[in-house]
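Participant: Please find one structure pasted underneath; my questions will follow.
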Amino acid sequence: FGLWAYDPAVLRSIGKHFHTGQTLPDSAIDSIIGMQSLHVGSRLLEEVRAARIDLELHSRSDAKHSESPDDIVQRIYRETATGQLHEEEQAVLLSSVAGHVANGYAAGYYSDLWAEVLAADAFELFQESGIGDEITVRRLG
């Protein structure tokens with residue numbers, strides 16, 4: 001749904017004043033679309049970091065691995081850091097990823113990233129075919 005929510009035609013069709021029914025002005029639509037990319041790099045970095053941690057921790061087949069889970073998390077954070085971590089952040093790194101690692105999510109973050117790629121590809125087909133054309137949208141599914 002996220003990609004659809006930023007399409008100008010969709011915004012014009014659902015973005016109406018609750019009382020008057022007046023559609024959003026183009027300047028508001030432009031602002032909403034512009035905000036789509038706000039902090040997108042930071043969010044993606046967090047997801048890639050979580051995916052790397054998941055994959056590395058779940059691909060270990062040797063219980064006598066030389067790196068502890070905490071060492072792995074610390075290393076991946078150092079490799080992907082955009083700045084210096086504070087002492088408080090370093091102290092809680094493992095606990096910040098323990099939930100999704102221990103709850104059976106396994107390599108779910110990696111799967112989520114691929115799902116986003118596939119969703120973007122499918123959405124691009126709708127964009128190229130004309131989102132505003134209801135017949136085309138119904139045909140594509």
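Residue numbers start at 1 in each chain; chains themselves are named A, B, ... in the order of the structure tokens; ligands are numbered from 1 in the order shown.
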Give me, as a ChimeraX atom specification, all polymer residues having an atom no more than 12 Å from Leu125 in chain A, counting only C-alpha atoms and skipping those fewer than 4 positions away in the same chain.
Facilitator: /A:118-121,129-131,136-137,139-141
Participant: Let me make sure I understand: among A:Ile32, A:Leu55, A:Val48, A:Ile14, which one has the smallest atom-to-atom distance to Glu79 in chain A if we use only C-alpha atoms?
Facilitator: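 When distances to Glu79 in chain A are compared using only C-alpha atoms, the smallest one comes from A:Val48.
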Participant: What is the CA of Asp133 in chain A to CA of Asp30 in chain A distance in Å?
Facilitator: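 For CA of Asp133 in chain A relative to CA of Asp30 in chain A, the distance reads 21.1 Å.
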Participant: Write out as a VMD selection string each polymer residue whose atoms come within 12 Å of Ser42 in chain A, counting only C-alpha atoms; drop sequence neighbours fewer than 5 positions from it.
Facilitator: chain A and resid 37 47 to 49 80 to 83
Participant: What's the 12 Å shell around Arg52 in chain A, counting only C-alpha atoms, without same-chain residues fewer than 2 positions away, as a ChimeraX atom specification?
Facilitator: /A:45-50,54-59,72-77,79-80,97,101,106-111,113
Participant: Using only C-alpha atoms for the distances, tell me which of A:Gly34, A:Leu11, A:Lys16, A:Leu44 is nearest to Asp112 in chain A.
Facilitator: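 Between A:Gly34, A:Leu11, A:Lys16, A:Leu44, the residue approaching Asp112 in chain A most closely is A:Leu44.
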Participant: Which of these residues is nearest to Ala5 in chain A, using only C-alpha atoms: A:Ala51, A:Val117, A:Gln36, A:Gln22?
Facilitator: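 Using only C-alpha atoms, the shortest distance to Ala5 in chain A belongs to A:Gln36.
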Participant: What gap, in Å, lies between CA of Ile53 in chain A and CA of Pro69 in chain A?
Facilitator: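 Between CA of Ile53 in chain A and CA of Pro69 in chain A the gap is 9.0 Å.
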